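Visitor: Structure in structure tokens, see below.
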Amino acid sequence: MRIDLHAHSSVSDGTDTPAVLVAKAKTAGLAVLALTDHDTADGWTEASQAAEVAGLTLVRGIEVSTTYNDRGVHLLAYEPDPDAPALSDILRQGRESRQGRTGAIVGRLQALGAPITVSDVARHSHGVSAGRPHVADALVEAGFVRDRDEAFAKYLHRGGPASVSRWQVDLLDAVAAVAAAGGAPVIAHPWGRGRNLDEADFARLAEAGLAGIEVDHQEHDASARDHLRGIARSLGLIITGSSDHHGTGKVNHDLGCNTTDPEQYEALRERFGGPRTHLG
Ligand code: AMP
Ligand code: FE
Ligand code: FE
Ligand code: ZN
């Protein structure tokens with residue numbers, strides 16, 4: 001049974017609609033797929049319907065942007081109730097701060113000579129969860145850069161000439177909010193771009209209700225994976241593996257390129273199981 005617990009649709013910065021993503025997951029031989037768009041649950045309904053048709057289990061997730069010691073950390077939330085008070089507040093504030101930020105980023109790029117506008121970006125983001133990848137898409141379309149990677153390397157990386165920060169919830173608050181919303185919080189690619197969390201941090205997070213660590217991820221080399229696996233085992237945390245698929249938006253992240261062990265998936269299911277109030 002192949003299980004992939006991290007993928008993006010065009011509801012955030014993936015390039016396939018939720019329905020197409022689910023169909024591709026089925027073709028790729030996955031039995032379980034988690035849809036984890038950035039800071040939004042808006043793709044859940046479409047993906048759930050497609051999963052039913054395809055005969056695949058969909059895990060409904062959200063990748064929440066958080067901050068810890070002034071560094072960005074992504075938190076995967078599996079099957080939380082997105083309408084629970086604290087979590088819905090976090091998602092709303094995140095949405096609002098993204099809206100203001102896009103204009104600021106575009107302004108900086110225009111000053112650098114890029115012929116793009118906010119509405120170009122909105123076309124690529126379909127108006128939802130707009131982020132730097134969509135700004136990158138507008139830059140590619142305008143012929144200002146070759147691809148998303150070049151856009152990030154030259155302009156959009158953290159601290160880059162067109163980077164503008166946005167509001168992000170504190171990581172510990174996010175872990176608590178996801179747990180309070182009945183979800184299972186798992187740290188996404190913790191050592192992907194710099195080692196922002198060490199073993200003592202993970203211990204603190206485990207105490208705050210963290211369920212697991214995404215260990216098998218393309219941005220982790222073999223030694224990072226071994227080390228993180230050891231930390232997860234010693235703290236009794238669940239170990240996940242995922243593609244972090246973004247369609248054609250990110251190369252080398254094909255569906256199922258990393259997978260989660262079925263036993264670990266069962267342990268995760270226990271964390272988000274129980275009666276749900278938002279199945280509606
Ligand atoms: P944003 O939502 O604007 O903060 O953009 C975050 C998304 O941009 C991440 O989820 C990645 O998909 C992508 N991203 C962030 N940093 C980089 C980078 N240095 N190179 C390529 N993609 C990146
Ligand atoms: Fe992304
Ligand atoms: Fe991420
Ligand atoms: Zn992701």
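In the structure tokens, each chain is lettered A, B, ... as it comes, each chain's residues begin at 1, and ligands are numbered from 1 in order of appearance.
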Check which residues fall inside 9 Å of ligand 2 when counting only C-alpha atoms and all ligand atoms, and print them as a CSV table (one decimal) with N, CA and C atoms, in the first residue's frame.

Guide:
chain,number,residue,atom,x,y,z
A,7,ALA,N,0.8,16.9,-0.7
A,7,ALA,CA,0.7,17.3,-2.1
A,7,ALA,C,-0.1,18.5,-2.2
A,8,HIS,N,0.3,19.3,-3.2
A,8,HIS,CA,-0.4,20.6,-3.4
A,8,HIS,C,-1.2,20.6,-4.7
A,12,SER,N,-3.5,26.0,-4.0
A,12,SER,CA,-2.4,26.8,-3.5
A,12,SER,C,-1.4,26.9,-4.7
A,13,ASP,N,-0.2,26.4,-4.5
A,13,ASP,CA,0.8,26.6,-5.5
A,13,ASP,C,1.2,25.3,-6.3
A,14,GLY,N,0.3,24.3,-6.3
A,14,GLY,CA,0.4,23.2,-7.2
A,14,GLY,C,-0.1,23.6,-8.6
A,37,ASP,N,-2.7,21.8,0.8
A,37,ASP,CA,-2.4,23.1,0.3
A,37,ASP,C,-2.0,24.1,1.4
A,38,HIS,N,-1.3,25.1,0.9
A,38,HIS,CA,-0.8,26.1,1.9
A,38,HIS,C,-1.9,26.9,2.5
A,63,GLU,N,-1.1,22.7,4.9
A,63,GLU,CA,0.3,23.0,5.3
A,63,GLU,C,0.3,24.4,5.9
A,131,GLY,N,0.9,33.2,-3.4
A,131,GLY,CA,2.2,33.3,-2.7
A,131,GLY,C,3.3,33.5,-3.7
A,132,ARG,N,4.5,33.5,-3.3
A,132,ARG,CA,5.7,33.8,-4.2
A,132,ARG,C,5.7,32.9,-5.4
A,133,PRO,N,5.3,31.6,-5.3
A,133,PRO,CA,5.3,30.8,-6.6
A,133,PRO,C,4.5,31.4,-7.7
A,244,ASP,N,5.6,16.0,-1.5
A,244,ASP,CA,5.5,17.4,-1.5
A,244,ASP,C,5.3,17.8,-3.0
A,245,HIS,N,4.5,17.1,-3.7
A,245,HIS,CA,4.2,17.3,-5.1
A,245,HIS,C,3.6,18.6,-5.4
A,246,HIS,N,4.1,19.3,-6.4
A,246,HIS,CA,3.5,20.6,-6.8
A,246,HIS,C,3.1,20.6,-8.3
A,249,GLY,N,5.2,22.6,-10.9
A,249,GLY,CA,5.7,23.8,-10.2
A,249,GLY,C,7.0,23.5,-9.4
A,250,LYS,N,7.4,22.2,-9.3
A,250,LYS,CA,8.6,21.9,-8.6
A,250,LYS,C,9.1,20.6,-9.2

Visitor: Counting only C-alpha atoms, which residues in range 161-184 of chain A sit no more than 7 Å from range 98-114 of chain A? For each one, give the nearest pair of atoms and the distance in Å, sorted by chain then residue number, as CSV.

Guide:
residue,atom,partner,partner_atom,distance
A:Ala162,CA,A:Arg108,CA,5.5
A:Ser163,CA,A:Ile105,CA,6.5
A:Val164,CA,A:Ile105,CA,6.1
A:Arg166,CA,A:Arg98,CA,6.5

Visitor: Rank A:Cys257, A:Ala232, A:Leu21, A:Ala130 by their smallest atom-to-atom distance to Gly94 in chain A, using only C-alpha atoms, and report the top residue only.

Guide: A:Ala130

Visitor: Can you tell me which residues sit at most 10 Å away from ligand 3, counting only C-alpha atoms and all ligand atoms, written as a PyMOL selection string?

Guide: chain A and resi 6-8+36-38+63-65+72-76+187-190+192+244

Visitor: May I ask which of the residues A:Asp261, A:Glu96, A:Glu214, A:Asp221 is the closest one to ligand 4, counting only C-alpha atoms and all ligand atoms?

Guide: A:Glu214

Visitor: List every residue of range 26-219 of chain A that DSSP, applied to the backbone, labels as alpha helix (DSSP H), and write the result as a PDB file with N, CA and C atoms, in the first residue's frame.

Guide:
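Writing done, so here's states39.pdb:
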ATOM      1  N   LYS A  26      -3.951   8.264  -8.315  1.00  0.00           N
ATOM      2  CA  LYS A  26      -4.463   6.913  -8.577  1.00  0.00           C
ATOM      3  C   LYS A  26      -3.603   6.237  -9.654  1.00  0.00           C
ATOM      4  N   THR A  27      -3.342   6.967 -10.729  1.00  0.00           N
ATOM      5  CA  THR A  27      -2.524   6.425 -11.822  1.00  0.00           C
ATOM      6  C   THR A  27      -1.119   6.074 -11.326  1.00  0.00           C
ATOM      7  N   TRP A  44     -10.580  20.716  -0.404  1.00  0.00           N
ATOM      8  CA  TRP A  44     -10.998  19.448   0.200  1.00  0.00           C
ATOM      9  C   TRP A  44     -12.218  18.817  -0.457  1.00  0.00           C
ATOM     10  N   THR A  45     -13.252  19.619  -0.719  1.00  0.00           N
ATOM     11  CA  THR A  45     -14.505  19.050  -1.222  1.00  0.00           C
ATOM     12  C   THR A  45     -14.289  18.417  -2.592  1.00  0.00           C
ATOM     13  N   GLU A  46     -13.661  19.169  -3.483  1.00  0.00           N
ATOM     14  CA  GLU A  46     -13.418  18.645  -4.839  1.00  0.00           C
ATOM     15  C   GLU A  46     -12.554  17.386  -4.782  1.00  0.00           C
ATOM     16  N   ALA A  47     -11.514  17.414  -3.945  1.00  0.00           N
ATOM     17  CA  ALA A  47     -10.608  16.264  -3.857  1.00  0.00           C
ATOM     18  C   ALA A  47     -11.319  15.049  -3.273  1.00  0.00           C
ATOM     19  N   SER A  48     -12.174  15.270  -2.273  1.00  0.00           N
ATOM     20  CA  SER A  48     -12.895  14.145  -1.651  1.00  0.00           C
ATOM     21  C   SER A  48     -13.804  13.473  -2.655  1.00  0.00           C
ATOM     22  N   GLN A  49     -14.500  14.290  -3.446  1.00  0.00           N
ATOM     23  CA  GLN A  49     -15.407  13.722  -4.458  1.00  0.00           C
ATOM     24  C   GLN A  49     -14.608  12.923  -5.490  1.00  0.00           C
ATOM     25  N   ALA A  50     -13.488  13.474  -5.922  1.00  0.00           N
ATOM     26  CA  ALA A  50     -12.658  12.784  -6.914  1.00  0.00           C
ATOM     27  C   ALA A  50     -12.100  11.491  -6.338  1.00  0.00           C
ATOM     28  N   ALA A  51     -11.761  11.502  -5.054  1.00  0.00           N
ATOM     29  CA  ALA A  51     -11.190  10.310  -4.415  1.00  0.00           C
ATOM     30  C   ALA A  51     -12.221   9.198  -4.350  1.00  0.00           C
ATOM     31  N   GLU A  52     -13.457   9.573  -4.106  1.00  0.00           N
ATOM     32  CA  GLU A  52     -14.525   8.585  -4.052  1.00  0.00           C
ATOM     33  C   GLU A  52     -14.679   7.910  -5.415  1.00  0.00           C
ATOM     34  N   VAL A  53     -14.661   8.714  -6.455  1.00  0.00           N
ATOM     35  CA  VAL A  53     -14.788   8.189  -7.819  1.00  0.00           C
ATOM     36  C   VAL A  53     -13.592   7.287  -8.150  1.00  0.00           C
ATOM     37  N   ALA A  54     -12.390   7.731  -7.766  1.00  0.00           N
ATOM     38  CA  ALA A  54     -11.171   6.996  -8.136  1.00  0.00           C
ATOM     39  C   ALA A  54     -10.940   5.764  -7.263  1.00  0.00           C
ATOM     40  N   PRO A  85     -12.284  27.380  16.306  1.00  0.00           N
ATOM     41  CA  PRO A  85     -11.989  28.804  16.501  1.00  0.00           C
ATOM     42  C   PRO A  85     -10.530  29.219  16.282  1.00  0.00           C
ATOM     43  N   ALA A  86      -9.590  28.601  16.991  1.00  0.00           N
ATOM     44  CA  ALA A  86      -8.199  29.067  16.892  1.00  0.00           C
ATOM     45  C   ALA A  86      -7.641  28.835  15.491  1.00  0.00           C
ATOM     46  N   LEU A  87      -7.913  27.666  14.915  1.00  0.00           N
ATOM     47  CA  LEU A  87      -7.364  27.359  13.592  1.00  0.00           C
ATOM     48  C   LEU A  87      -7.985  28.249  12.516  1.00  0.00           C
ATOM     49  N   SER A  88      -9.278  28.485  12.570  1.00  0.00           N
ATOM     50  CA  SER A  88      -9.905  29.308  11.531  1.00  0.00           C
ATOM     51  C   SER A  88      -9.375  30.741  11.607  1.00  0.00           C
ATOM     52  N   ASP A  89      -9.078  31.176  12.816  1.00  0.00           N
ATOM     53  CA  ASP A  89      -8.483  32.503  13.001  1.00  0.00           C
ATOM     54  C   ASP A  89      -7.106  32.589  12.336  1.00  0.00           C
ATOM     55  N   ILE A  90      -6.305  31.553  12.537  1.00  0.00           N
ATOM     56  CA  ILE A  90      -4.959  31.503  11.945  1.00  0.00           C
ATOM     57  C   ILE A  90      -5.058  31.535  10.423  1.00  0.00           C
ATOM     58  N   LEU A  91      -5.977  30.733   9.871  1.00  0.00           N
ATOM     59  CA  LEU A  91      -6.109  30.660   8.411  1.00  0.00           C
ATOM     60  C   LEU A  91      -6.598  31.999   7.853  1.00  0.00           C
ATOM     61  N   ARG A  92      -7.519  32.645   8.567  1.00  0.00           N
ATOM     62  CA  ARG A  92      -8.035  33.935   8.097  1.00  0.00           C
ATOM     63  C   ARG A  92      -6.935  35.001   8.105  1.00  0.00           C
ATOM     64  N   GLN A  93      -6.190  35.069   9.201  1.00  0.00           N
ATOM     65  CA  GLN A  93      -5.114  36.073   9.271  1.00  0.00           C
ATOM     66  C   GLN A  93      -4.061  35.825   8.201  1.00  0.00           C
ATOM     67  N   GLY A  94      -3.771  34.549   7.960  1.00  0.00           N
ATOM     68  CA  GLY A  94      -2.798  34.204   6.928  1.00  0.00           C
ATOM     69  C   GLY A  94      -3.265  34.672   5.558  1.00  0.00           C
ATOM     70  N   ARG A  95      -4.552  34.437   5.274  1.00  0.00           N
ATOM     71  CA  ARG A  95      -5.139  34.847   3.992  1.00  0.00           C
ATOM     72  C   ARG A  95      -5.034  36.353   3.814  1.00  0.00           C
ATOM     73  N   GLU A  96      -5.405  37.074   4.872  1.00  0.00           N
ATOM     74  CA  GLU A  96      -5.403  38.538   4.783  1.00  0.00           C
ATOM     75  C   GLU A  96      -3.993  39.077   4.550  1.00  0.00           C
ATOM     76  N   SER A  97      -3.022  38.507   5.253  1.00  0.00           N
ATOM     77  CA  SER A  97      -1.664  39.052   5.111  1.00  0.00           C
ATOM     78  C   SER A  97      -1.070  38.712   3.740  1.00  0.00           C
ATOM     79  N   ARG A  98      -1.499  37.600   3.141  1.00  0.00           N
ATOM     80  CA  ARG A  98      -1.033  37.278   1.789  1.00  0.00           C
ATOM     81  C   ARG A  98      -1.525  38.312   0.785  1.00  0.00           C
ATOM     82  N   GLN A  99      -2.791  38.744   0.978  1.00  0.00           N
ATOM     83  CA  GLN A  99      -3.367  39.691   0.018  1.00  0.00           C
ATOM     84  C   GLN A  99      -2.550  40.982  -0.038  1.00  0.00           C
ATOM     85  N   GLY A 100      -2.254  41.551   1.137  1.00  0.00           N
ATOM     86  CA  GLY A 100      -1.500  42.800   1.155  1.00  0.00           C
ATOM     87  C   GLY A 100      -0.093  42.625   0.617  1.00  0.00           C
ATOM     88  N   ARG A 101       0.472  41.462   0.868  1.00  0.00           N
ATOM     89  CA  ARG A 101       1.877  41.255   0.527  1.00  0.00           C
ATOM     90  C   ARG A 101       2.116  41.187  -0.981  1.00  0.00           C
ATOM     91  N   THR A 102       1.175  40.594  -1.721  1.00  0.00           N
ATOM     92  CA  THR A 102       1.402  40.430  -3.161  1.00  0.00           C
ATOM     93  C   THR A 102       1.687  41.780  -3.820  1.00  0.00           C
ATOM     94  N   GLY A 103       0.894  42.810  -3.450  1.00  0.00           N
ATOM     95  CA  GLY A 103       1.103  44.141  -4.019  1.00  0.00           C
ATOM     96  C   GLY A 103       2.491  44.676  -3.708  1.00  0.00           C
ATOM     97  N   ALA A 104       2.964  44.437  -2.492  1.00  0.00           N
ATOM     98  CA  ALA A 104       4.285  44.928  -2.087  1.00  0.00           C
ATOM     99  C   ALA A 104       5.396  44.233  -2.876  1.00  0.00           C
ATOM    100  N   ILE A 105       5.238  42.926  -3.071  1.00  0.00           N
ATOM    101  CA  ILE A 105       6.256  42.184  -3.833  1.00  0.00           C
ATOM    102  C   ILE A 105       6.291  42.677  -5.285  1.00  0.00           C
ATOM    103  N   VAL A 106       5.088  42.836  -5.861  1.00  0.00           N
ATOM    104  CA  VAL A 106       5.015  43.276  -7.257  1.00  0.00           C
ATOM    105  C   VAL A 106       5.639  44.670  -7.402  1.00  0.00           C
ATOM    106  N   GLY A 107       5.379  45.541  -6.423  1.00  0.00           N
ATOM    107  CA  GLY A 107       5.966  46.891  -6.450  1.00  0.00           C
ATOM    108  C   GLY A 107       7.486  46.837  -6.507  1.00  0.00           C
ATOM    109  N   ARG A 108       8.076  45.983  -5.685  1.00  0.00           N
ATOM    110  CA  ARG A 108       9.550  45.845  -5.690  1.00  0.00           C
ATOM    111  C   ARG A 108      10.060  45.326  -7.026  1.00  0.00           C
ATOM    112  N   LEU A 109       9.334  44.362  -7.580  1.00  0.00           N
ATOM    113  CA  LEU A 109       9.770  43.787  -8.857  1.00  0.00           C
ATOM    114  C   LEU A 109       9.646  44.799  -9.990  1.00  0.00           C
ATOM    115  N   GLN A 110       8.580  45.601  -9.942  1.00  0.00           N
ATOM    116  CA  GLN A 110       8.418  46.636 -10.977  1.00  0.00           C
ATOM    117  C   GLN A 110       9.598  47.607 -10.908  1.00  0.00           C
ATOM    118  N   ALA A 111       9.996  47.946  -9.677  1.00  0.00           N
ATOM    119  CA  ALA A 111      11.136  48.855  -9.501  1.00  0.00           C
ATOM    120  C   ALA A 111      12.416  48.243 -10.060  1.00  0.00           C
ATOM    121  N   VAL A 118      -0.243  43.093 -10.317  1.00  0.00           N
ATOM    122  CA  VAL A 118      -0.922  42.244  -9.331  1.00  0.00           C
ATOM    123  C   VAL A 118      -1.946  41.336 -10.021  1.00  0.00           C
ATOM    124  N   SER A 119      -2.595  41.851 -11.061  1.00  0.00           N
ATOM    125  CA  SER A 119      -3.609  40.991 -11.698  1.00  0.00           C
ATOM    126  C   SER A 119      -2.963  39.847 -12.478  1.00  0.00           C
ATOM    127  N   ASP A 120      -1.732  40.020 -12.956  1.00  0.00           N
ATOM    128  CA  ASP A 120      -1.014  38.884 -13.565  1.00  0.00           C
ATOM    129  C   ASP A 120      -0.832  37.774 -12.526  1.00  0.00           C
ATOM    130  N   VAL A 121      -0.434  38.190 -11.311  1.00  0.00           N
ATOM    131  CA  VAL A 121      -0.220  37.201 -10.247  1.00  0.00           C
ATOM    132  C   VAL A 121      -1.540  36.527  -9.890  1.00  0.00           C
ATOM    133  N   ALA A 122      -2.598  37.320  -9.790  1.00  0.00           N
ATOM    134  CA  ALA A 122      -3.914  36.786  -9.406  1.00  0.00           C
ATOM    135  C   ALA A 122      -4.394  35.750 -10.426  1.00  0.00           C
ATOM    136  N   ARG A 123      -4.049  35.955 -11.700  1.00  0.00           N
ATOM    137  CA  ARG A 123      -4.426  34.991 -12.727  1.00  0.00           C
ATOM    138  C   ARG A 123      -3.778  33.632 -12.440  1.00  0.00           C
ATOM    139  N   HIS A 124      -2.548  33.649 -11.996  1.00  0.00           N
ATOM    140  CA  HIS A 124      -1.854  32.390 -11.714  1.00  0.00           C
ATOM    141  C   HIS A 124      -2.293  31.755 -10.399  1.00  0.00           C
ATOM    142  N   SER A 125      -2.727  32.587  -9.448  1.00  0.00           N
ATOM    143  CA  SER A 125      -3.124  32.030  -8.144  1.00  0.00           C
ATOM    144  C   SER A 125      -4.612  31.733  -8.110  1.00  0.00           C
ATOM    145  N   ARG A 132       4.548  33.454  -3.294  1.00  0.00           N
ATOM    146  CA  ARG A 132       5.668  33.756  -4.183  1.00  0.00           C
ATOM    147  C   ARG A 132       5.720  32.864  -5.422  1.00  0.00           C
ATOM    148  N   PRO A 133       5.297  31.584  -5.331  1.00  0.00           N
ATOM    149  CA  PRO A 133       5.327  30.772  -6.562  1.00  0.00           C
ATOM    150  C   PRO A 133       4.470  31.370  -7.680  1.00  0.00           C
ATOM    151  N   HIS A 134       3.370  32.022  -7.313  1.00  0.00           N
ATOM    152  CA  HIS A 134       2.507  32.617  -8.346  1.00  0.00           C
ATOM    153  C   HIS A 134       3.139  33.890  -8.904  1.00  0.00           C
ATOM    154  N   VAL A 135       3.856  34.624  -8.056  1.00  0.00           N
ATOM    155  CA  VAL A 135       4.608  35.779  -8.552  1.00  0.00           C
ATOM    156  C   VAL A 135       5.653  35.267  -9.543  1.00  0.00           C
ATOM    157  N   ALA A 136       6.287  34.152  -9.176  1.00  0.00           N
ATOM    158  CA  ALA A 136       7.287  33.547 -10.069  1.00  0.00           C
ATOM    159  C   ALA A 136       6.655  33.180 -11.409  1.00  0.00           C
ATOM    160  N   ASP A 137       5.443  32.616 -11.375  1.00  0.00           N
ATOM    161  CA  ASP A 137       4.760  32.239 -12.624  1.00  0.00           C
ATOM    162  C   ASP A 137       4.536  33.467 -13.505  1.00  0.00           C
ATOM    163  N   ALA A 138       4.171  34.592 -12.887  1.00  0.00           N
ATOM    164  CA  ALA A 138       3.948  35.825 -13.656  1.00  0.00           C
ATOM    165  C   ALA A 138       5.268  36.299 -14.278  1.00  0.00           C
ATOM    166  N   LEU A 139       6.353  36.155 -13.525  1.00  0.00           N
ATOM    167  CA  LEU A 139       7.678  36.554 -14.048  1.00  0.00           C
ATOM    168  C   LEU A 139       8.094  35.663 -15.218  1.00  0.00           C
ATOM    169  N   VAL A 140       7.775  34.378 -15.126  1.00  0.00           N
ATOM    170  CA  VAL A 140       8.102  33.455 -16.218  1.00  0.00           C
ATOM    171  C   VAL A 140       7.304  33.839 -17.459  1.00  0.00           C
ATOM    172  N   GLU A 141       6.011  34.087 -17.251  1.00  0.00           N
ATOM    173  CA  GLU A 141       5.131  34.432 -18.382  1.00  0.00           C
ATOM    174  C   GLU A 141       5.612  35.701 -19.083  1.00  0.00           C
ATOM    175  N   ARG A 148      10.386  28.940 -12.150  1.00  0.00           N
ATOM    176  CA  ARG A 148      10.180  29.307 -10.744  1.00  0.00           C
ATOM    177  C   ARG A 148      11.501  29.323  -9.976  1.00  0.00           C
ATOM    178  N   ASP A 149      12.351  28.339 -10.232  1.00  0.00           N
ATOM    179  CA  ASP A 149      13.615  28.256  -9.486  1.00  0.00           C
ATOM    180  C   ASP A 149      14.462  29.510  -9.678  1.00  0.00           C
ATOM    181  N   GLU A 150      14.544  29.975 -10.935  1.00  0.00           N
ATOM    182  CA  GLU A 150      15.341  31.176 -11.188  1.00  0.00           C
ATOM    183  C   GLU A 150      14.711  32.388 -10.487  1.00  0.00           C
ATOM    184  N   ALA A 151      13.381  32.450 -10.480  1.00  0.00           N
ATOM    185  CA  ALA A 151      12.694  33.558  -9.814  1.00  0.00           C
ATOM    186  C   ALA A 151      13.027  33.588  -8.320  1.00  0.00           C
ATOM    187  N   LEU A 171       4.877  28.756  15.871  1.00  0.00           N
ATOM    188  CA  LEU A 171       4.777  27.302  15.673  1.00  0.00           C
ATOM    189  C   LEU A 171       4.069  26.594  16.834  1.00  0.00           C
ATOM    190  N   LEU A 172       4.420  26.947  18.067  1.00  0.00           N
ATOM    191  CA  LEU A 172       3.809  26.260  19.210  1.00  0.00           C
ATOM    192  C   LEU A 172       2.314  26.549  19.287  1.00  0.00           C
ATOM    193  N   ASP A 173       1.924  27.776  18.953  1.00  0.00           N
ATOM    194  CA  ASP A 173       0.493  28.110  18.924  1.00  0.00           C
ATOM    195  C   ASP A 173      -0.214  27.308  17.839  1.00  0.00           C
ATOM    196  N   ALA A 174       0.469  27.129  16.701  1.00  0.00           N
ATOM    197  CA  ALA A 174      -0.142  26.379  15.601  1.00  0.00           C
ATOM    198  C   ALA A 174      -0.325  24.907  15.983  1.00  0.00           C
ATOM    199  N   VAL A 175       0.682  24.317  16.628  1.00  0.00           N
ATOM    200  CA  VAL A 175       0.570  22.922  17.070  1.00  0.00           C
ATOM    201  C   VAL A 175      -0.628  22.782  18.006  1.00  0.00           C
ATOM    202  N   ALA A 176      -0.766  23.713  18.935  1.00  0.00           N
ATOM    203  CA  ALA A 176      -1.884  23.656  19.882  1.00  0.00           C
ATOM    204  C   ALA A 176      -3.218  23.829  19.157  1.00  0.00           C
ATOM    205  N   ALA A 177      -3.264  24.743  18.193  1.00  0.00           N
ATOM    206  CA  ALA A 177      -4.519  25.010  17.475  1.00  0.00           C
ATOM    207  C   ALA A 177      -4.935  23.802  16.638  1.00  0.00           C
ATOM    208  N   VAL A 178      -3.981  23.159  15.990  1.00  0.00           N
ATOM    209  CA  VAL A 178      -4.301  21.979  15.168  1.00  0.00           C
ATOM    210  C   VAL A 178      -4.799  20.846  16.069  1.00  0.00           C
ATOM    211  N   ALA A 179      -4.111  20.637  17.200  1.00  0.00           N
ATOM    212  CA  ALA A 179      -4.535  19.583  18.124  1.00  0.00           C
ATOM    213  C   ALA A 179      -5.929  19.894  18.668  1.00  0.00           C
ATOM    214  N   ALA A 180      -6.186  21.163  19.002  1.00  0.00           N
ATOM    215  CA  ALA A 180      -7.501  21.549  19.526  1.00  0.00           C
ATOM    216  C   ALA A 180      -8.588  21.375  18.473  1.00  0.00           C
ATOM    217  N   GLU A 199      17.051  18.745  18.316  1.00  0.00           N
ATOM    218  CA  GLU A 199      16.372  17.705  19.101  1.00  0.00           C
ATOM    219  C   GLU A 199      15.614  18.284  20.289  1.00  0.00           C
ATOM    220  N   ALA A 200      16.198  19.294  20.943  1.00  0.00           N
ATOM    221  CA  ALA A 200      15.519  19.905  22.101  1.00  0.00           C
ATOM    222  C   ALA A 200      14.222  20.585  21.660  1.00  0.00           C
ATOM    223  N   ASP A 201      14.252  21.204  20.468  1.00  0.00           N
ATOM    224  CA  ASP A 201      13.030  21.830  19.942  1.00  0.00           C
ATOM    225  C   ASP A 201      11.947  20.769  19.694  1.00  0.00           C
ATOM    226  N   PHE A 202      12.368  19.644  19.088  1.00  0.00           N
ATOM    227  CA  PHE A 202      11.384  18.589  18.815  1.00  0.00           C
ATOM    228  C   PHE A 202      10.791  18.054  20.122  1.00  0.00           C
ATOM    229  N   ALA A 203      11.632  17.956  21.154  1.00  0.00           N
ATOM    230  CA  ALA A 203      11.139  17.467  22.443  1.00  0.00           C
ATOM    231  C   ALA A 203      10.079  18.415  22.996  1.00  0.00           C
ATOM    232  N   ARG A 204      10.340  19.705  22.866  1.00  0.00           N
ATOM    233  CA  ARG A 204       9.394  20.712  23.333  1.00  0.00           C
ATOM    234  C   ARG A 204       8.090  20.633  22.539  1.00  0.00           C
ATOM    235  N   LEU A 205       8.233  20.444  21.242  1.00  0.00           N
ATOM    236  CA  LEU A 205       7.059  20.365  20.373  1.00  0.00           C
ATOM    237  C   LEU A 205       6.243  19.106  20.665  1.00  0.00           C
ATOM    238  N   ALA A 206       6.960  17.997  20.957  1.00  0.00           N
ATOM    239  CA  ALA A 206       6.255  16.751  21.272  1.00  0.00           C
ATOM    240  C   ALA A 206       5.405  16.958  22.518  1.00  0.00           C
ATOM    241  N   GLU A 207       5.967  17.672  23.476  1.00  0.00           N
ATOM    242  CA  GLU A 207       5.217  17.939  24.700  1.00  0.00           C
ATOM    243  C   GLU A 207       3.996  18.820  24.431  1.00  0.00           C
TER     244      GLU A 207
END

Visitor: Where in range 81-188 of chain A does DSSP assign strand (DSSP E), given as a list in words?

Guide: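 Of range 81-188 of chain A, the ones in strand (DSSP E) are Val169, Asp170, Ala184, Pro185, Val186 and Ile187 of chain A.
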
Visitor: Using Å and a single decimal, report how far CA of Leu5 in chain A sits from CA of Ala31 in chain A.

Guide: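 Distance reported for this atom pair: 10.8 Å.
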
Visitor: Of the residues A:Gly43, A:Gly230, A:Gly183, A:Gly159, which is the one nearest to Arg71 in chain A, using only C-alpha atoms?

Guide: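 The answer is A:Gly159, which sits nearest to Arg71 in chain A.
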
Visitor: If I take atom 10 (O, counted along the ligand's line) of ligand 1 and CA of Gly236 in chain A, how far is one from the other in Å, to one decimal?

Guide: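 Value for the atom 10 (O, counted along the ligand's line) of ligand 1-CA of Gly236 in chain A distance: 27.1 Å.
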
Visitor: Which one of A:Val22, A:Asp216, A:Pro115, A:Val32 sits closest to Phe144 in chain A if you count only C-alpha atoms?

Guide: A:Pro115

Visitor: Using only C-alpha atoms and all ligand atoms, which residue out of A:Asp42, A:Asp16, A:Asp83, A:Asp147 lies closest to ligand 1?

Guide: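 Smallest separation from ligand 1 among the options: A:Asp147.
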
Visitor: Enter the distance from CA of Thr259 in chain A to CA of Phe152 in chain A, in Å, rounded to one decimal.

Guide: 27.1 Å

Visitor: Using only C-alpha atoms, which residue out of A:Arg225, A:Tyr78, A:Arg158, A:Thr248 lies closest to Glu270 in chain A?

Guide: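 Closest residue, counting only C-alpha atoms: A:Tyr78.
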